[in-house]
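Listing of structure07.txt, compact mmCIF, C-alpha atoms
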```txt
# COMPACT_ATOMS: atom_id res chain seq x y z
CA MET H 220 23.01 16.85 2.88
CA SER H 221 22.71 13.11 3.50
CA HIS H 222 25.65 10.82 2.75
CA SER H 223 23.81 7.63 3.65
CA GLN H 224 23.94 4.75 1.18
CA PRO H 225 21.19 2.26 0.45
CA LYS H 226 21.29 -0.75 2.76
CA ARG H 227 22.83 -3.88 1.28
CA ASP H 228 24.15 -7.18 2.55
CA PHE H 229 27.92 -6.82 2.57
CA GLY H 230 30.17 -9.60 1.29
CA PHE H 231 31.99 -11.96 3.65
CA ALA H 232 35.34 -10.16 3.70
CA THR H 233 33.66 -6.83 4.42
CA LYS H 234 31.61 -8.27 7.28
CA ALA H 235 34.69 -9.98 8.71
CA ILE H 236 36.59 -6.68 8.78
CA HIS H 237 33.92 -4.23 9.90
CA ASP H 238 32.70 -4.54 13.47
CA THR H 239 29.00 -5.32 13.75
CA ALA H 240 28.88 -4.13 17.35
CA HIS H 241 30.93 -0.93 17.28
CA GLN H 242 27.97 1.13 18.45
CA ARG H 243 28.40 -0.18 22.01
CA PHE H 244 31.86 1.39 22.35
CA THR H 245 32.06 5.08 23.22
CA GLY H 246 34.54 7.42 21.54
CA GLY H 247 34.45 5.72 18.15
CA PRO H 248 37.48 3.39 18.38
CA LEU H 249 38.37 1.63 15.14
CA VAL H 250 39.19 -1.56 17.07
CA PRO H 251 36.90 -2.87 19.85
CA PRO H 252 38.56 -2.22 23.23
CA ILE H 253 39.77 -5.06 25.44
CA TYR H 254 37.53 -4.95 28.49
CA GLN H 255 40.09 -6.59 30.78
CA THR H 256 37.87 -6.66 33.83
CA SER H 257 36.40 -9.42 35.95
CA THR H 258 33.37 -7.48 37.16
CA PHE H 259 31.24 -4.43 36.31
CA VAL H 260 30.02 -1.64 38.58
CA PHE H 261 26.27 -1.05 38.98
CA PRO H 262 24.98 2.55 39.05
CA THR H 263 22.54 1.64 41.82
CA ALA H 264 21.53 -1.35 43.91
CA GLU H 265 18.23 -1.41 42.08
CA ASP H 266 20.03 -1.58 38.74
CA GLY H 267 22.16 -4.51 39.95
CA ALA H 268 19.09 -6.39 41.11
CA GLU H 269 17.34 -5.79 37.78
CA ARG H 270 20.33 -7.08 35.81
CA PHE H 271 20.49 -10.26 37.90
CA ALA H 272 16.75 -10.73 37.47
CA GLY H 273 17.07 -10.32 33.71
CA GLU H 274 14.84 -7.26 33.78
CA ALA H 275 17.53 -4.83 32.60
CA SER H 276 20.39 -5.11 30.14
CA GLY H 277 23.96 -4.56 31.19
CA TYR H 278 27.07 -6.49 32.13
CA ILE H 279 27.50 -8.07 35.54
CA TYR H 280 30.59 -10.29 35.64
CA SER H 281 32.84 -11.44 32.80
CA ARG H 282 31.93 -15.12 33.18
CA LEU H 283 28.36 -14.03 32.35
CA GLY H 284 29.28 -11.65 29.56
CA ASN H 285 31.94 -9.17 28.47
CA PRO H 286 31.74 -6.46 25.78
CA THR H 287 34.83 -7.65 23.87
CA VAL H 288 33.60 -11.23 23.92
CA SER H 289 30.12 -10.09 22.89
CA ALA H 290 31.60 -8.34 19.85
CA LEU H 291 33.23 -11.61 18.81
CA GLU H 292 30.03 -13.59 19.35
CA GLU H 293 28.02 -11.16 17.23
CA LYS H 294 30.66 -11.27 14.49
CA ILE H 295 30.75 -15.07 14.22
CA ALA H 296 26.95 -15.26 14.28
CA SER H 297 26.89 -12.86 11.35
CA LEU H 298 29.50 -14.81 9.38
CA GLU H 299 27.82 -18.18 10.00
CA LYS H 300 24.39 -16.64 9.28
CA ALA H 301 23.16 -17.76 12.70
CA GLU H 302 20.84 -16.06 15.16
CA MET H 303 23.35 -16.17 18.01
CA ALA H 304 26.81 -17.39 18.98
CA LEU H 305 28.68 -18.19 22.20
CA ALA H 306 32.42 -18.11 22.87
CA PHE H 307 34.31 -20.65 24.98
CA SER H 308 37.81 -21.07 26.35
CA SER H 309 38.67 -23.91 23.91
CA GLY H 310 37.16 -25.94 21.12
CA MET H 311 36.60 -28.83 23.52
CA ALA H 312 34.92 -26.51 26.02
CA ALA H 313 32.50 -25.65 23.23
CA VAL H 314 31.95 -29.30 22.25
CA SER H 315 31.39 -30.44 25.84
CA ALA H 316 29.06 -27.53 26.64
CA VAL H 317 26.91 -28.31 23.59
CA LEU H 318 26.69 -32.04 24.22
CA MET H 319 26.08 -31.74 27.97
CA ALA H 320 23.33 -29.18 27.36
CA LEU H 321 21.43 -31.31 24.88
CA VAL H 322 21.54 -34.91 26.12
CA LYS H 323 20.59 -36.89 29.20
CA THR H 324 21.01 -40.47 30.38
CA GLY H 325 19.51 -42.92 27.89
CA ASP H 326 19.91 -40.65 24.86
CA HIS H 327 21.88 -41.58 21.76
CA ILE H 328 24.27 -39.47 19.67
CA LEU H 329 24.91 -40.50 16.07
CA CYS H 330 28.38 -39.41 14.97
CA SER H 331 30.42 -39.33 11.80
CA LYS H 332 32.81 -42.25 11.45
CA GLY H 333 35.90 -40.29 12.29
CA MET H 334 36.39 -37.29 14.53
CA TYR H 335 38.92 -35.44 16.62
CA GLY H 336 40.49 -37.70 19.26
CA CYS H 337 39.34 -35.67 22.26
CA THR H 338 35.76 -35.56 20.95
CA PHE H 339 35.92 -39.36 20.69
CA SER H 340 37.23 -39.51 24.26
CA LEU H 341 34.45 -37.22 25.53
CA LEU H 342 31.79 -39.39 23.88
CA ASN H 343 33.21 -42.50 25.56
CA TRP H 344 33.26 -40.68 28.90
CA LEU H 345 29.62 -39.66 28.49
CA GLN H 346 28.72 -43.24 27.68
CA ASN H 347 30.67 -44.83 30.53
CA ARG H 348 29.80 -42.31 33.24
CA PHE H 349 26.32 -41.10 32.30
CA GLY H 350 24.81 -43.69 30.00
CA VAL H 351 24.66 -41.46 26.91
CA GLU H 352 25.10 -43.84 23.98
CA HIS H 353 26.86 -43.05 20.75
CA SER H 354 27.56 -44.87 17.51
CA LEU H 355 29.49 -44.08 14.36
CA SER H 356 28.33 -44.05 10.75
CA THR H 357 29.92 -43.00 7.47
CA MET H 358 26.56 -41.41 6.54
CA SER H 359 27.61 -41.98 2.94
CA ASP H 360 23.99 -41.83 1.73
CA GLU H 361 20.52 -41.15 3.12
CA GLU H 362 19.63 -44.82 3.53
CA MET H 363 22.72 -45.44 5.64
CA LEU H 364 22.01 -42.34 7.72
CA ARG H 365 18.41 -43.35 8.40
CA GLN H 366 19.41 -46.91 9.28
CA ALA H 367 21.90 -45.62 11.86
CA ILE H 368 19.31 -43.45 13.64
CA LYS H 369 17.74 -45.06 16.72
CA PRO H 370 14.48 -44.24 18.53
CA ASN H 371 16.52 -42.50 21.25
CA THR H 372 18.77 -40.53 18.89
CA LYS H 373 18.77 -36.92 20.04
CA LEU H 374 21.77 -35.52 18.17
CA ILE H 375 23.56 -36.05 14.88
CA TYR H 376 27.15 -34.86 15.29
CA VAL H 377 29.42 -34.65 12.26
CA GLU H 378 32.77 -33.37 11.17
CA THR H 379 33.08 -32.56 7.49
CA PRO H 380 35.75 -32.85 6.32
CA VAL H 381 36.45 -35.57 8.87
CA ASN H 382 39.65 -35.13 10.89
CA PRO H 383 42.07 -36.38 9.57
CA THR H 384 40.77 -38.58 6.72
CA MET H 385 39.13 -35.66 4.85
CA GLU H 386 35.99 -37.69 4.12
CA LEU H 387 32.91 -35.54 3.53
CA ILE H 388 29.30 -35.74 4.72
CA ASP H 389 26.40 -34.26 2.78
CA LEU H 390 25.24 -31.34 4.92
CA GLU H 391 21.97 -30.85 3.05
CA MET H 392 21.09 -34.51 3.64
CA VAL H 393 21.95 -34.37 7.34
CA GLY H 394 20.04 -31.13 7.88
CA ARG H 395 16.95 -32.34 6.02
CA VAL H 396 16.76 -35.70 7.79
CA GLY H 397 17.39 -34.06 11.16
CA LYS H 398 14.58 -31.55 10.62
CA GLU H 399 12.18 -34.27 9.49
CA LEU H 400 12.84 -36.45 12.55
CA GLY H 401 13.23 -33.68 15.13
CA ILE H 402 16.91 -34.49 15.77
CA ILE H 403 19.32 -31.63 16.45
CA THR H 404 22.19 -31.57 13.95
CA ILE H 405 25.65 -30.34 14.95
CA VAL H 406 28.57 -29.72 12.59
CA ASP H 407 32.18 -29.21 13.57
CA ASN H 408 33.18 -26.66 10.93
CA THR H 409 36.76 -26.14 12.13
CA PHE H 410 38.50 -27.38 8.98
CA MET H 411 36.59 -25.04 6.68
CA SER H 412 35.84 -21.85 8.64
CA PRO H 413 32.68 -19.90 7.76
CA TYR H 414 34.48 -18.48 4.73
CA LEU H 415 34.48 -21.82 2.92
CA GLN H 416 31.46 -23.62 4.44
CA ARG H 417 28.34 -22.54 6.31
CA PRO H 418 26.36 -25.58 7.53
CA ILE H 419 23.37 -23.51 8.67
CA GLU H 420 22.73 -22.59 5.03
CA TRP H 421 22.27 -26.32 4.37
CA GLY H 422 19.71 -26.79 7.14
CA CYS H 423 21.94 -27.88 10.05
CA ASP H 424 21.23 -26.48 13.50
CA LEU H 425 24.50 -25.83 15.34
CA VAL H 426 28.02 -25.06 14.16
CA ILE H 427 31.11 -25.56 16.33
CA HIS H 428 34.59 -24.19 15.76
CA SER H 429 37.89 -24.72 17.42
CA ALA H 430 38.61 -21.04 16.89
CA THR H 431 42.21 -21.84 17.79
CA LYS H 432 42.58 -22.89 14.16
CA TYR H 433 41.65 -20.80 11.10
CA ILE H 434 39.63 -18.14 12.90
CA GLY H 435 42.60 -17.18 15.07
CA GLY H 436 45.02 -18.20 12.37
CA HIS H 437 48.31 -17.35 14.07
CA GLY H 438 48.85 -20.05 16.69
CA ASP H 439 48.57 -17.67 19.64
CA VAL H 440 45.12 -18.30 21.13
CA ILE H 441 42.98 -21.23 22.36
CA ALA H 442 39.23 -20.76 21.91
CA GLY H 443 35.94 -22.33 20.85
CA LEU H 444 32.79 -20.96 19.24
CA VAL H 445 29.23 -22.21 18.81
CA ALA H 446 26.65 -20.63 16.48
CA GLY H 447 23.01 -21.51 15.96
CA PRO H 448 19.41 -20.74 16.89
CA ARG H 449 18.77 -18.39 19.79
CA SER H 450 16.43 -20.85 21.48
CA LEU H 451 19.20 -23.43 21.91
CA LEU H 452 22.06 -21.05 22.65
CA GLU H 453 20.23 -19.02 25.28
CA GLU H 454 19.62 -22.26 27.18
CA MET H 455 23.34 -23.15 26.95
CA GLN H 456 24.25 -19.64 28.03
CA LYS H 457 22.25 -20.08 31.23
CA THR H 458 23.53 -23.59 31.97
CA THR H 459 26.61 -25.22 30.49
CA GLN H 460 28.37 -21.97 29.66
CA LYS H 461 27.60 -20.13 32.90
CA ASP H 462 27.75 -23.08 35.31
CA PHE H 463 30.62 -25.06 33.77
CA GLY H 464 32.44 -21.78 33.33
CA GLY H 465 34.59 -22.52 30.29
CA VAL H 466 34.27 -18.95 29.04
CA LEU H 467 36.59 -16.97 26.80
CA GLY H 468 38.66 -14.11 28.17
CA PRO H 469 38.57 -10.63 26.61
CA MET H 470 42.20 -10.71 25.42
CA ASP H 471 41.56 -13.95 23.54
CA ALA H 472 38.39 -12.47 22.05
CA PHE H 473 40.43 -9.48 20.86
CA LEU H 474 42.94 -11.79 19.13
CA LEU H 475 40.14 -13.65 17.38
CA LEU H 476 38.50 -10.43 16.22
CA ARG H 477 41.85 -9.40 14.79
CA GLY H 478 42.29 -12.80 13.13
CA LEU H 479 38.86 -12.60 11.52
CA LYS H 480 39.82 -9.44 9.66
CA THR H 481 42.19 -11.46 7.46
CA LEU H 482 40.24 -14.73 7.36
CA ALA H 483 39.09 -14.35 3.75
CA VAL H 484 42.54 -13.63 2.31
CA ARG H 485 44.18 -16.29 4.48
CA MET H 486 41.70 -19.00 3.44
CA GLU H 487 42.25 -18.14 -0.22
CA ALA H 488 46.01 -18.50 0.27
CA HIS H 489 45.69 -21.73 2.29
CA THR H 490 43.45 -23.25 -0.38
CA LYS H 491 45.67 -22.24 -3.29
CA ASN H 492 48.78 -23.65 -1.58
CA ALA H 493 47.04 -26.86 -0.48
CA GLN H 494 45.87 -27.55 -4.02
CA ALA H 495 49.43 -27.27 -5.32
CA VAL H 496 50.86 -29.39 -2.49
CA ALA H 497 48.22 -32.10 -3.01
CA LYS H 498 49.00 -32.22 -6.73
CA PHE H 499 52.73 -32.60 -5.95
CA LEU H 500 52.11 -35.40 -3.47
CA THR H 501 49.99 -37.41 -5.94
CA SER H 502 53.01 -37.83 -8.19
CA HIS H 503 55.52 -38.80 -5.48
CA PRO H 504 56.59 -42.48 -5.57
CA GLN H 505 56.60 -42.86 -1.76
CA VAL H 506 53.03 -41.61 -1.39
CA GLU H 507 50.33 -44.28 -1.52
CA ARG H 508 47.30 -42.00 -1.48
CA VAL H 509 46.45 -38.31 -1.16
CA ARG H 510 43.25 -37.17 0.50
CA TYR H 511 42.24 -33.66 -0.53
CA PRO H 512 38.73 -32.61 -1.65
CA GLY H 513 40.14 -30.32 -4.33
CA LEU H 514 41.64 -33.16 -6.35
CA PRO H 515 39.39 -34.26 -9.25
CA GLU H 516 40.12 -37.90 -8.34
CA PHE H 517 38.97 -37.40 -4.73
CA PRO H 518 35.93 -39.75 -4.39
CA GLN H 519 33.66 -36.99 -3.04
CA HIS H 520 34.95 -34.15 -5.21
CA ALA H 521 31.45 -33.40 -6.55
CA LEU H 522 30.05 -33.09 -3.02
CA ALA H 523 32.93 -30.76 -2.11
CA GLN H 524 32.05 -28.56 -5.07
CA LYS H 525 28.43 -28.52 -3.96
CA GLN H 526 28.73 -27.50 -0.30
CA MET H 527 32.12 -25.81 -0.01
CA ASP H 528 33.27 -22.49 -1.46
CA GLY H 529 36.84 -23.79 -1.59
CA PHE H 530 38.65 -26.94 -0.57
CA GLY H 531 40.56 -25.76 2.49
CA GLY H 532 44.13 -25.95 3.68
CA VAL H 533 44.40 -29.49 5.11
CA VAL H 534 45.89 -32.34 3.10
CA SER H 535 46.25 -35.89 4.38
CA PHE H 536 48.41 -38.49 2.67
CA GLU H 537 49.50 -42.05 3.30
CA LEU H 538 53.09 -43.22 2.94
CA LYS H 539 53.87 -46.65 1.56
CA GLY H 540 56.21 -47.55 4.42
CA GLY H 541 53.70 -47.15 7.26
CA HIS H 542 54.69 -45.83 10.68
CA ALA H 543 58.43 -46.16 10.16
CA ALA H 544 58.27 -44.15 6.93
CA ALA H 545 56.09 -41.51 8.60
CA THR H 546 58.59 -41.13 11.45
CA ARG H 547 61.53 -40.76 9.07
CA MET H 548 59.73 -38.13 7.05
CA LEU H 549 58.55 -36.11 10.05
CA ASN H 550 62.05 -36.09 11.51
CA HIS H 551 63.39 -34.43 8.37
CA VAL H 552 60.96 -31.58 7.75
CA SER H 553 62.41 -28.12 8.27
CA LEU H 554 60.05 -25.41 7.04
CA CYS H 555 56.95 -27.41 7.95
CA ARG H 556 56.74 -27.42 11.72
CA LEU H 557 56.27 -30.76 13.49
CA ALA H 558 53.32 -29.81 15.68
CA VAL H 559 49.67 -30.60 16.22
CA SER H 560 46.88 -28.09 15.57
CA LEU H 561 46.11 -26.62 12.17
CA GLY H 562 44.94 -23.45 10.49
CA ASP H 563 48.01 -21.37 11.30
CA VAL H 564 49.81 -19.24 8.74
CA ASP H 565 52.72 -21.65 9.37
CA SER H 566 52.60 -25.10 7.77
CA LEU H 567 52.08 -27.73 10.51
CA ILE H 568 52.61 -31.46 10.03
CA GLN H 569 51.84 -34.37 12.35
CA HIS H 570 51.17 -38.12 12.65
CA PRO H 571 47.53 -38.67 13.75
CA ALA H 572 47.94 -42.33 14.80
CA SER H 573 50.55 -41.49 17.43
CA MET H 574 49.54 -37.91 18.22
CA THR H 575 46.08 -36.33 17.84
CA HIS H 576 44.26 -39.66 17.62
CA ALA H 577 46.52 -41.79 19.82
CA ILE H 578 43.71 -42.03 22.39
CA VAL H 579 41.55 -43.95 19.90
CA PRO H 580 42.08 -47.75 20.23
CA ARG H 581 44.03 -49.14 17.28
CA GLU H 582 41.19 -51.25 15.86
CA GLU H 583 38.73 -48.36 15.97
CA ARG H 584 41.35 -45.98 14.61
CA LEU H 585 42.01 -48.22 11.62
CA ASN H 586 38.27 -48.60 11.11
CA MET H 587 38.09 -44.81 10.89
CA GLY H 588 40.73 -44.89 8.15
CA ILE H 589 43.56 -43.54 10.29
CA THR H 590 46.39 -45.81 9.18
CA ASP H 591 49.91 -45.94 10.63
CA GLY H 592 51.30 -44.28 7.52
CA LEU H 593 48.82 -41.37 7.47
CA ILE H 594 50.25 -37.86 7.70
CA ARG H 595 48.13 -34.73 8.24
CA LEU H 596 49.51 -31.52 6.80
CA SER H 597 48.00 -28.12 7.51
CA VAL H 598 49.33 -26.14 4.59
CA GLY H 599 50.35 -22.63 5.58
CA ILE H 600 50.61 -19.47 3.52
CA GLU H 601 54.36 -19.51 2.94
CA GLU H 602 55.64 -19.49 -0.67
CA VAL H 603 54.23 -22.74 -1.96
CA GLN H 604 57.41 -23.81 -3.73
CA ASP H 605 59.24 -23.58 -0.40
CA ILE H 606 56.66 -25.90 1.20
CA ILE H 607 56.96 -28.38 -1.68
CA CYS H 608 60.77 -28.35 -1.56
CA ASP H 609 60.68 -29.06 2.17
CA LEU H 610 58.31 -31.99 1.69
CA GLU H 611 60.37 -33.32 -1.24
CA ASN H 612 63.52 -33.24 0.85
CA ALA H 613 61.85 -34.95 3.84
CA LEU H 614 60.36 -37.64 1.59
CA SER H 615 63.81 -38.46 0.22
CA PHE H 616 64.58 -40.00 3.63
CA VAL H 617 61.58 -42.37 3.53
```
Starting from the coordinates I provided, produce the structure as structure tokens.
Amino acid sequence: MSHSQPKRDFGFATKAIHDTAHQRFTGGPLVPPIYQTSTFVFPTAEDGAERFAGEASGYIYSRLGNPTVSALEEKIASLEKAEMALAFSSGMAAVSAVLMALVKTGDHILCSKGMYGCTFSLLNWLQNRFGVEHSLSTMSDEEMLRQAIKPNTKLIYVETPVNPTMELIDLEMVGRVGKELGIITIVDNTFMSPYLQRPIEWGCDLVIHSATKYIGGHGDVIAGLVAGPRSLLEEMQKTTQKDFGGVLGPMDAFLLLRGLKTLAVRMEAHTKNAQAVAKFLTSHPQVERVRYPGLPEFPQHALAQKQMDGFGGVVSFELKGGHAAATRMLNHVSLCRLAVSLGDVDSLIQHPASMTHAIVPREERLNMGITDGLIRLSVGIEEVQDIICDLENALSFV
């Protein structure tokens, strides 16, 4: 008697929980094993030669592939609806591997006006050392995007929401223009996770995650992920992943696979709490402005509703007293932890101008919208009233 069910495309939470690659593990373990090994034994010399020649499948050495890491890569490809994914030892290892694989001297990268500080630093390094140009654009509409593209533009690289200003970029517009002009489009999707936003569905080519954030979710792992078309990722796999060597270890892959099982419920909790916190902050007399896509008054609220399945867990807000007010507030939080990073179950709060984006020159930082009074809050999944009470107390010292 057959107990098979008709094939169907499972929902996100189901796919995040159930291993897509369990068939490779013998003995039927519920959880993929941690293959904590540097190398793999060949049955015969001929088999080893065939694997190195690419004529036979099988693992060789964990820098070139590991079963636990492969399970993670297959899972994130499935969740992002991509053909393939690669795992790296950090988000910046992923960013640098992608950029170095796709550009050469004389090329131009068009970037969103605002990005993570280390990405900004990497772009300047590429320009100063290797002659890879870059420029920034708000990409607020199609005309502005097209005007910013140069004859030598090879990549369009965007964060949406932008870190830490929360400005949005229309993914459908970027993907469509990129396809028309033969420009590869790359989206840093860290703030949203694949649960809330899937850029490939909107026509973009590559998706990058600092998996340290929401995908891990618990502040105990550093990792990066890239998902996209097999043709691009197989080339990276052979070059900037293998030869630069910024690969993910099996223990870290295990932690990310575990984190993914609760991604859906965590993102729902983050979003619900962030919405309540943003609403509270809008009414506080010391707060000049709140930047959160879920607020109806957010300038790009309609775009957020279009391309996101929820508004995420990051809220940025500006204090009226500038840097001094920000310092006083941050020195009086208790429940919210004064720390960089985001996406943890704990609420994390920091001052971008002097911390994550301190490397950006002041004039450029202000041009990006990162003012001295801007605070970035990664809202955790604690009881929301406890988060609000902590913020209210800290703001009383401003």
The residue from H:Val351, H:Cys608, H:Leu614, H:Ala572 with the smallest atom-to-atom distance to His503 (chain H), counting all atoms listed in the file, is H:Leu614
How close does each residue of region 254-357 of chain H get to region 436-445 of chain H, giving the shortest atom pair and distance in Å to one decimal for every residue with an atom at most 7 Å away, counting all atoms listed in the file, sorted by chain and residue number, as a tab-separated table?
```
residue	atom	partner	partner_atom	distance
H:Ala304	CA	H:Val445	CA	5.4
H:Leu305	CA	H:Val445	CA	5.3
H:Ala306	CA	H:Leu444	CA	4.6
H:Phe307	CA	H:Gly443	CA	4.7
H:Ser308	CA	H:Ala442	CA	4.7
H:Ser309	CA	H:Ala442	CA	3.8
H:Gly310	CA	H:Gly443	CA	3.8
H:Ala312	CA	H:Gly443	CA	6.7
H:Ala313	CA	H:Gly443	CA	5.3
```
Can you pull out the residues contacting Arg508 (chain H)? Cut-off 9 Å, using all atoms listed in the file, and skip same-chain residues under 6 positions away; I want them as a list of chain:residue names. H:Leu500, H:Thr501, H:Ser535, H:Phe536, H:Glu537, H:Leu538, H:Lys539
Determine, counting all atoms listed in the file, which protein, DNA and RNA residues have an atom within 8 Å of an atom of region 519-527 of chain H; residues of the same chain fewer than 3 positions away are not included. Present the result as a ChimeraX atom specification. /H:386-387,389-390,415-416,512-516,530
Write out as a list in words each polymer residue whose atoms come within 10 Å of Met548 (chain H), counting all atoms listed in the file; drop sequence neighbours fewer than 5 positions from it. Leu538, His542, Ala543, Ile594, Leu610, Glu611, Asn612, Ala613, Leu614, Ser615, Phe616 and Val617 of chain H
Let me make sure I understand: among H:Ser573, H:Asn586, H:Thr481, H:Gln460, which one has the smallest atom-to-atom distance to Met319 (chain H) if we use all atoms listed in the file?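 Closest to Met319 (chain H), using all atoms listed in the file: H:Gln460.
For the residues H:Ser297, H:Thr287, H:Ser257, H:Thr372, ranking by smallest atom-to-atom distance to Phe229 (chain H) using only C-alpha atoms places H:Ser297 first.
CA of Phe259 (chain H) lies 6.3 Å from CA of Tyr278 (chain H).
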Exercise: Leu355 (chain H) partners within 7 Å, only C-alpha atoms, chain neighbours under 4 positions left out, as an MDAnalysis selection string: chainID H and resid 329:332
Write the residues of the selection above to a file with C-alpha atoms, as an mmCIF file, keeping the file's coordinate frame.
```
data_model
loop_
_atom_site.group_PDB
_atom_site.id
_atom_site.type_symbol
_atom_site.label_atom_id
_atom_site.label_comp_id
_atom_site.auth_asym_id
_atom_site.auth_seq_id
_atom_site.Cartn_x
_atom_site.Cartn_y
_atom_site.Cartn_z
ATOM 1 C CA LEU H 329 24.910 -40.500 16.070
ATOM 2 C CA CYS H 330 28.380 -39.410 14.970
ATOM 3 C CA SER H 331 30.420 -39.330 11.800
ATOM 4 C CA LYS H 332 32.810 -42.250 11.450
#
```
Shell of 10 Å around Ser566 (chain H), only C-alpha atoms, local chain residues under 3 positions omitted, as a PyMOL selection string: chain H and resi 489+532-533+554-558+561-563+596-601+606
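Checking H:Asp462, H:Asp591, H:Glu378, H:Asp609 one by one against Ser429 (chain H), counting all atoms listed in the file, you find the shortest gap at H:Glu378.
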Among listed residues H:Asn492, H:Thr590, H:Thr458, H:Asn285, nearest Tyr254 (chain H) (using only C-alpha atoms): H:Asn285
Hey, can you check how far CA of Gly333 (chain H) sits from CA of Val381 (chain H)?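 Going from CA of Gly333 (chain H) over to CA of Val381 (chain H), I get 5.9 Å.
Between CA of Thr256 (chain H) and CA of Ser281 (chain H) the separation is 7.0 Å.
Compared by their closest atoms to Thr357 (chain H), and using all atoms listed in the file, the residues H:Ser560, H:Thr404, H:Ile375, H:Thr459 rank with H:Ile375 nearest.
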